[in-house]
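Chemist: One structure, pasted below without further comment.
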Amino acid sequence: MSGRRPGPVVWSAIVLATCLLLFLLQHMLWLTVPFLLGIILYYVLLPPMHRLLRMGFSHNSAALLVGSGFVLCMLLFGLALMAWLSMSPSSTWQGLPERYIEGGTSFVRNTLLSLEDKFPVLHQAGLSDTINARFSAYTHDFFTEHLPGLLVGAVAWIPSLLLAPFLTFFFLRDGGRFKRFLARAVPNAFFEKTLFLLHEVDQTARRYFQGMLKLTVLDTAVLAFGLWVIGVSSPVLLGLIAAMLAWIPFVGSILGCIMVVLVASADAPGDTMIAYSAIVVFIAARLLDDFVFMPLTLGRSLRIHPLVTVLMIFIGGSVAGVAGLMLVLPLLGVVMVIGETLGRLITNPRLRARHRHALALRQRQASADLE
């Protein structure tokens with residue numbers, strides 16, 4: 001859009017509006033999370049829907065076909081997953097958490113013993129005994145107190161998550177109607193600029209979420225290849241989970257690295273080099289992600305200065321916790337487009353003059369037969 005760049009007043013309003021929305025969304029996570037998933041699915045399914053529209057299908061028919069195809073794919077995936085799980089003994093799956101925790105504890109214990117051998121002062125301080133005692137206490141508390149609550153919380157989220165495909169279908173079917181509904185409420189003098197605003201908001205969200213999906217695919221491929229090379233089990237599944245956890249800035253990368261190390265330690269309890277190799281693979285994947293993949297995907301989707309990005313990530317985490325870390329960047333991108341466009345609309349003297357002239361004409365027409 002032509003015009004000068006927004007000043008500090010507009011940017012202050014953008015930051016304040018973003019923080020306020022994060023605070024409100026934190027108290028509506030039961031709706032925010034499926035709404036966010038619905039938007040992601042909407043931008044994933046939008047290209048095949050456009051292809052059907054170009055083939056001559058009506059808007060409703062294209063939305064119904066794409067939505068039905070997605071639900072069918074999810075059902076087939078669920079059936080395949082259930083068949084795969086049924087082929088393994090139930091005792092194997094029940095013992096996986098304890099197996100991974102024991103593998104991680106063994107890795108930490110062996111690492112501390114190696115450090116004590118190289119640095120006798122650590123052995124004199126009783127470092128390994130202290131940390132092992134704390135690990136044992138935490139593991140016992142996790143399985144007896146935290147794990148049941150986490151499982152119950154995950155089950156409680158299932159009805160809310162089932163709302164995402166429902167929202168996606170109506171986004172596909174009625175998205176254009178909603179945009180036209182918003183546009184009808186705009187004064188004629190600002191109509192063209194408002195259409196541009198709606199288009200920019202849509203393009204910003206589309207670039208961000210499609211960039212996130214491309215980044216997830218690239219991260220999954222790199223992590224899966226690296227874990228497969230060093231011999232870690234289920235490399236594709238681990239790579240996919242770690243790549244999806246990376247959607248949460250900072251915290252997600254740490255959780256993904258811990259998960260990879262736990263699995264590698266459980267696969268080779270007596271060989272710490274496998275876990276060290278997994279850490280090297282994860283760090284290499286994150287470096288590729290930060291310096292190669294992210295500039296090619298997300299770097300082109302949100303035109304935000306890196307300093308503003310880092311500051312808003314910390315602000316989002318302090319305002320809304322983990323949900324704020326996940327939502328702050330897409331929310332900032334949308335609010336930034338709206339704030340910049342509204343700032344240019346309000347400060348444009350030509351548009352304000354057109355609006356005043358239109359109001360004067362309507363006033364004159366309404367009172368012409370009363371004089």
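Numbering starts fresh at 1 for the residues of each chain in the structure tokens, the chains themselves are lettered A, B, ... in the order given, and ligands are numbered from 1 as they appear.
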Just the helix (DSSP H, G or I) stuff from region 225-291 of chain A, please, per backbone DSSP, written as JSON, numbers by chain.
Modeler: {"A": [225, 226, 227, 228, 229, 230, 235, 236, 237, 238, 239, 240, 241, 242, 243, 244, 245, 251, 252, 253, 254, 255, 256, 257, 258, 259, 260, 261, 262, 263, 264, 265, 266, 267, 272, 273, 274, 275, 276, 277, 278, 279, 280, 281, 282, 283, 284, 285, 286, 287, 288, 289, 290, 291]}
Chemist: Extract, using only C-alpha atoms, all DNA, RNA and protein residues at most 10 Å from Leu167 (chain A), discarding same-chain residues fewer than 3 positions from it, and format them as number ranges by chain.
Modeler: A: 34-39, 41-42, 162-164, 170-173
Chemist: How would the residues just picked look written out with N, CA and C atoms as a short mmCIF file (atom, residue, chain, number, x, y, z; two decimals), in the first residue's frame?
Modeler:
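Once everything was written out, this is part07.cif:
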data_model
loop_
_atom_site.label_atom_id
_atom_site.label_comp_id
_atom_site.auth_asym_id
_atom_site.auth_seq_id
_atom_site.Cartn_x
_atom_site.Cartn_y
_atom_site.Cartn_z
N PRO A 34 -9.12 -25.08 18.79
CA PRO A 34 -9.78 -25.61 17.59
C PRO A 34 -9.95 -24.58 16.49
N PHE A 35 -10.13 -23.29 16.87
CA PHE A 35 -10.23 -22.25 15.85
C PHE A 35 -8.90 -22.12 15.09
N LEU A 36 -7.78 -22.18 15.82
CA LEU A 36 -6.48 -22.10 15.17
C LEU A 36 -6.24 -23.32 14.28
N LEU A 37 -6.59 -24.51 14.77
CA LEU A 37 -6.46 -25.71 13.94
C LEU A 37 -7.36 -25.65 12.72
N GLY A 38 -8.57 -25.08 12.91
CA GLY A 38 -9.47 -24.92 11.77
C GLY A 38 -8.90 -24.00 10.71
N ILE A 39 -8.24 -22.93 11.12
CA ILE A 39 -7.62 -22.01 10.16
C ILE A 39 -6.48 -22.70 9.42
N LEU A 41 -6.14 -25.95 8.86
CA LEU A 41 -6.74 -26.89 7.91
C LEU A 41 -7.38 -26.16 6.74
N TYR A 42 -7.92 -24.98 6.99
CA TYR A 42 -8.54 -24.19 5.91
C TYR A 42 -7.50 -23.84 4.84
N LEU A 162 -12.45 -31.87 18.14
CA LEU A 162 -13.35 -32.32 17.07
C LEU A 162 -14.10 -31.16 16.43
N LEU A 163 -14.08 -30.00 17.08
CA LEU A 163 -14.71 -28.82 16.50
C LEU A 163 -13.92 -28.26 15.32
N ALA A 164 -12.61 -28.58 15.22
CA ALA A 164 -11.76 -28.00 14.18
C ALA A 164 -12.22 -28.37 12.77
N PHE A 170 -16.96 -24.78 7.33
CA PHE A 170 -17.68 -23.52 7.16
C PHE A 170 -16.75 -22.38 6.74
N PHE A 171 -15.46 -22.45 7.10
CA PHE A 171 -14.51 -21.48 6.56
C PHE A 171 -14.42 -21.61 5.04
N LEU A 172 -14.36 -22.86 4.56
CA LEU A 172 -14.28 -23.09 3.12
C LEU A 172 -15.55 -22.68 2.41
N ARG A 173 -16.69 -22.97 3.02
CA ARG A 173 -17.96 -22.70 2.33
C ARG A 173 -18.38 -21.25 2.42
#
Chemist: Compare A:Leu307, A:Ile315, A:Ala224, A:Leu16 by their minimum atom-to-atom distance to Ala278 (chain A), counting only C-alpha atoms, and give me the closest one.
Modeler: A:Ala224
Chemist: If you take only C-alpha atoms and a cut-off of 12 Å, which residues of region 136-180 of chain A touch region 193-208 of chain A, and what are their nearest atom pairs and distances in Å to one decimal, in chain and number order, as CSV?
Modeler:
residue,atom,partner,partner_atom,distance
A:Gly175,CA,A:Asp202,CA,10.4
A:Gly176,CA,A:Leu198,CA,10.7
A:Phe178,CA,A:Leu198,CA,10.7
A:Lys179,CA,A:Leu198,CA,7.3
A:Arg180,CA,A:Leu195,CA,9.2
Chemist: Could you please take those selected residues and save N, CA, C and O atoms as a CSV table (one decimal), in the first residue's frame?
Modeler:
chain,number,residue,atom,x,y,z
A,175,GLY,N,-16.5,-18.5,3.7
A,175,GLY,CA,-15.4,-17.5,4.0
A,175,GLY,C,-15.6,-16.2,3.1
A,175,GLY,O,-15.5,-15.1,3.6
A,176,GLY,N,-16.0,-16.4,1.8
A,176,GLY,CA,-16.2,-15.3,0.9
A,176,GLY,C,-17.4,-14.5,1.4
A,176,GLY,O,-17.4,-13.2,1.3
A,178,PHE,N,-18.6,-14.1,4.4
A,178,PHE,CA,-18.2,-13.3,5.6
A,178,PHE,C,-17.4,-12.1,5.2
A,178,PHE,O,-17.6,-11.0,5.8
A,179,LYS,N,-16.5,-12.2,4.3
A,179,LYS,CA,-15.8,-11.0,3.8
A,179,LYS,C,-16.7,-10.0,3.2
A,179,LYS,O,-16.6,-8.8,3.5
A,180,ARG,N,-17.6,-10.4,2.4
A,180,ARG,CA,-18.6,-9.5,1.8
A,180,ARG,C,-19.5,-8.8,2.9
A,180,ARG,O,-19.9,-7.6,2.8
Chemist: Have a look at CA of Val260 (chain A) and CA of Ala156 (chain A) and let me know their distance in Å, one decimal.
Modeler: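 Rounded to one decimal, the two atoms are 26.7 Å apart.
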Chemist: Give me the residues near Val263 (chain A) as a PyMOL selection string, where near means some atom within 8 Å (using only C-alpha atoms) and where sequence neighbours in that chain fewer than 3 positions away do not count.
Modeler: chain A and resi 100+103-104+232-233+259-260+266-267
Chemist: The selected residues should be written to file as a compact mmCIF listing (two decimals), in the first residue's frame (atoms: N, CA and C atoms).
Modeler:
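Listing of selection_6.txt after writing:
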# COMPACT_ATOMS: atom_id res chain seq x y z
N TYR A 100 11.16 -45.13 28.65
CA TYR A 100 11.84 -43.92 28.20
C TYR A 100 12.41 -43.12 29.38
N GLY A 103 15.49 -44.85 30.49
CA GLY A 103 16.58 -44.60 29.55
C GLY A 103 17.17 -43.21 29.75
N GLY A 104 16.31 -42.21 29.95
CA GLY A 104 16.82 -40.85 30.19
C GLY A 104 17.58 -40.76 31.50
N VAL A 232 18.10 -44.60 15.55
CA VAL A 232 17.03 -44.41 16.54
C VAL A 232 15.73 -44.97 15.97
N SER A 233 14.94 -45.61 16.80
CA SER A 233 13.69 -46.21 16.35
C SER A 233 12.64 -45.15 16.03
N MET A 259 12.62 -35.28 24.19
CA MET A 259 11.93 -36.48 23.70
C MET A 259 12.86 -37.34 22.86
N VAL A 260 13.63 -36.72 21.97
CA VAL A 260 14.55 -37.47 21.12
C VAL A 260 15.62 -38.15 21.96
N ALA A 266 16.66 -44.93 25.53
CA ALA A 266 15.94 -46.18 25.76
C ALA A 266 16.31 -47.23 24.72
N ASP A 267 16.62 -46.81 23.48
CA ASP A 267 17.02 -47.77 22.45
C ASP A 267 18.39 -48.37 22.74
Chemist: Excluding Pro330 (chain A) and its own-chain neighbours fewer than 2 positions away, which residues fall within 9 Å of it when counting only C-alpha atoms? Please give them as a list in words.
Modeler: Thr204, Ala205, Tyr208, Phe209, Leu302, Met326, Leu327, Val328, Leu332, Gly333, Val334 and Val335 of chain A
Chemist: Kindly save the residues from that selection, with N, CA, C and O atoms included, as a PDB file, in the first residue's frame.
Modeler:
ATOM      1  N   THR A 204      -1.662 -12.521   4.623  1.00  0.00           N
ATOM      2  CA  THR A 204      -0.705 -12.665   5.715  1.00  0.00           C
ATOM      3  C   THR A 204      -0.918 -13.975   6.462  1.00  0.00           C
ATOM      4  O   THR A 204       0.037 -14.714   6.735  1.00  0.00           O
ATOM      5  N   ALA A 205      -2.165 -14.270   6.810  1.00  0.00           N
ATOM      6  CA  ALA A 205      -2.453 -15.529   7.505  1.00  0.00           C
ATOM      7  C   ALA A 205      -2.118 -16.729   6.625  1.00  0.00           C
ATOM      8  O   ALA A 205      -1.559 -17.728   7.099  1.00  0.00           O
ATOM      9  N   TYR A 208       1.653 -17.214   6.446  1.00  0.00           N
ATOM     10  CA  TYR A 208       2.220 -17.703   7.703  1.00  0.00           C
ATOM     11  C   TYR A 208       1.940 -19.186   7.894  1.00  0.00           C
ATOM     12  O   TYR A 208       2.861 -19.978   8.152  1.00  0.00           O
ATOM     13  N   PHE A 209       0.681 -19.597   7.782  1.00  0.00           N
ATOM     14  CA  PHE A 209       0.337 -20.984   8.087  1.00  0.00           C
ATOM     15  C   PHE A 209       0.856 -21.941   7.017  1.00  0.00           C
ATOM     16  O   PHE A 209       1.296 -23.056   7.341  1.00  0.00           O
ATOM     17  N   LEU A 302       5.839 -13.252   7.153  1.00  0.00           N
ATOM     18  CA  LEU A 302       5.583 -12.134   8.057  1.00  0.00           C
ATOM     19  C   LEU A 302       6.737 -11.149   7.959  1.00  0.00           C
ATOM     20  O   LEU A 302       7.864 -11.477   8.308  1.00  0.00           O
ATOM     21  N   MET A 326       2.694 -19.661  21.188  1.00  0.00           N
ATOM     22  CA  MET A 326       2.221 -20.213  19.930  1.00  0.00           C
ATOM     23  C   MET A 326       1.462 -19.196  19.088  1.00  0.00           C
ATOM     24  O   MET A 326       1.569 -19.175  17.865  1.00  0.00           O
ATOM     25  N   LEU A 327       0.689 -18.331  19.738  1.00  0.00           N
ATOM     26  CA  LEU A 327      -0.237 -17.459  19.012  1.00  0.00           C
ATOM     27  C   LEU A 327       0.317 -16.081  18.725  1.00  0.00           C
ATOM     28  O   LEU A 327      -0.240 -15.362  17.897  1.00  0.00           O
ATOM     29  N   VAL A 328       1.418 -15.677  19.377  1.00  0.00           N
ATOM     30  CA  VAL A 328       1.819 -14.280  19.312  1.00  0.00           C
ATOM     31  C   VAL A 328       2.241 -13.868  17.906  1.00  0.00           C
ATOM     32  O   VAL A 328       1.876 -12.776  17.439  1.00  0.00           O
ATOM     33  N   LEU A 332       0.247 -11.233  15.854  1.00  0.00           N
ATOM     34  CA  LEU A 332       0.937  -9.971  15.593  1.00  0.00           C
ATOM     35  C   LEU A 332       0.918  -9.632  14.116  1.00  0.00           C
ATOM     36  O   LEU A 332       0.748  -8.462  13.736  1.00  0.00           O
ATOM     37  N   GLY A 333       1.096 -10.641  13.248  1.00  0.00           N
ATOM     38  CA  GLY A 333       1.063 -10.378  11.813  1.00  0.00           C
ATOM     39  C   GLY A 333      -0.265  -9.828  11.354  1.00  0.00           C
ATOM     40  O   GLY A 333      -0.333  -8.851  10.583  1.00  0.00           O
ATOM     41  N   VAL A 334      -1.366 -10.421  11.830  1.00  0.00           N
ATOM     42  CA  VAL A 334      -2.692  -9.944  11.434  1.00  0.00           C
ATOM     43  C   VAL A 334      -2.983  -8.568  12.009  1.00  0.00           C
ATOM     44  O   VAL A 334      -3.458  -7.663  11.314  1.00  0.00           O
ATOM     45  N   VAL A 335      -2.684  -8.375  13.315  1.00  0.00           N
ATOM     46  CA  VAL A 335      -2.927  -7.073  13.944  1.00  0.00           C
ATOM     47  C   VAL A 335      -2.054  -5.995  13.310  1.00  0.00           C
ATOM     48  O   VAL A 335      -2.470  -4.841  13.164  1.00  0.00           O
TER      49      VAL A 335
END
Chemist: Residues of region 19-45 of chain A within 10 Å of region 212-217 of chain A: nearest atom pair and distance (Å, one decimal) for each, counting only C-alpha atoms, sorted by chain and number, as JSON lines?
Modeler:
{"residue": "A:Ile40", "atom": "CA", "partner": "A:Leu213", "partner_atom": "CA", "distance": 8.6}
{"residue": "A:Tyr43", "atom": "CA", "partner": "A:Leu213", "partner_atom": "CA", "distance": 9.8}
{"residue": "A:Val44", "atom": "CA", "partner": "A:Leu213", "partner_atom": "CA", "distance": 8.4}
Chemist: How about saving the chosen residues, all heavy atoms kept, as a PDB file, in the first residue's frame?
Modeler:
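Generated output (part.pdb):
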ATOM      1  N   ILE A  40      -5.665 -23.486  10.163  1.00  0.00           N
ATOM      2  CA  ILE A  40      -4.563 -24.214   9.520  1.00  0.00           C
ATOM      3  C   ILE A  40      -5.112 -25.196   8.483  1.00  0.00           C
ATOM      4  O   ILE A  40      -4.628 -25.265   7.340  1.00  0.00           O
ATOM      5  CB  ILE A  40      -3.723 -24.941  10.577  1.00  0.00           C
ATOM      6  CG1 ILE A  40      -3.025 -23.927  11.489  1.00  0.00           C
ATOM      7  CG2 ILE A  40      -2.690 -25.848   9.918  1.00  0.00           C
ATOM      8  CD1 ILE A  40      -2.282 -24.549  12.641  1.00  0.00           C
ATOM      9  N   TYR A  43      -6.324 -23.384   5.281  1.00  0.00           N
ATOM     10  CA  TYR A  43      -5.300 -23.009   4.304  1.00  0.00           C
ATOM     11  C   TYR A  43      -4.635 -24.232   3.679  1.00  0.00           C
ATOM     12  O   TYR A  43      -4.080 -24.135   2.584  1.00  0.00           O
ATOM     13  CB  TYR A  43      -4.261 -22.109   4.964  1.00  0.00           C
ATOM     14  CG  TYR A  43      -4.784 -20.719   5.222  1.00  0.00           C
ATOM     15  CD1 TYR A  43      -4.867 -20.211   6.515  1.00  0.00           C
ATOM     16  CD2 TYR A  43      -5.230 -19.922   4.179  1.00  0.00           C
ATOM     17  CE1 TYR A  43      -5.366 -18.936   6.752  1.00  0.00           C
ATOM     18  CE2 TYR A  43      -5.724 -18.660   4.402  1.00  0.00           C
ATOM     19  CZ  TYR A  43      -5.793 -18.176   5.697  1.00  0.00           C
ATOM     20  OH  TYR A  43      -6.300 -16.922   5.918  1.00  0.00           O
ATOM     21  N   VAL A  44      -4.693 -25.385   4.348  1.00  0.00           N
ATOM     22  CA  VAL A  44      -4.199 -26.615   3.729  1.00  0.00           C
ATOM     23  C   VAL A  44      -5.143 -27.085   2.633  1.00  0.00           C
ATOM     24  O   VAL A  44      -4.701 -27.523   1.553  1.00  0.00           O
ATOM     25  CB  VAL A  44      -4.019 -27.706   4.803  1.00  0.00           C
ATOM     26  CG1 VAL A  44      -3.734 -29.061   4.166  1.00  0.00           C
ATOM     27  CG2 VAL A  44      -2.879 -27.348   5.741  1.00  0.00           C
TER      28      VAL A  44
END
Chemist: Can you pull out the residues contacting region 236-245 of chain A? Cut-off 6 Å, using only C-alpha atoms, and skip same-chain residues under 6 positions away; I want them as a ChimeraX atom specification.
Modeler: /A:216,219-220,223-224,252,256
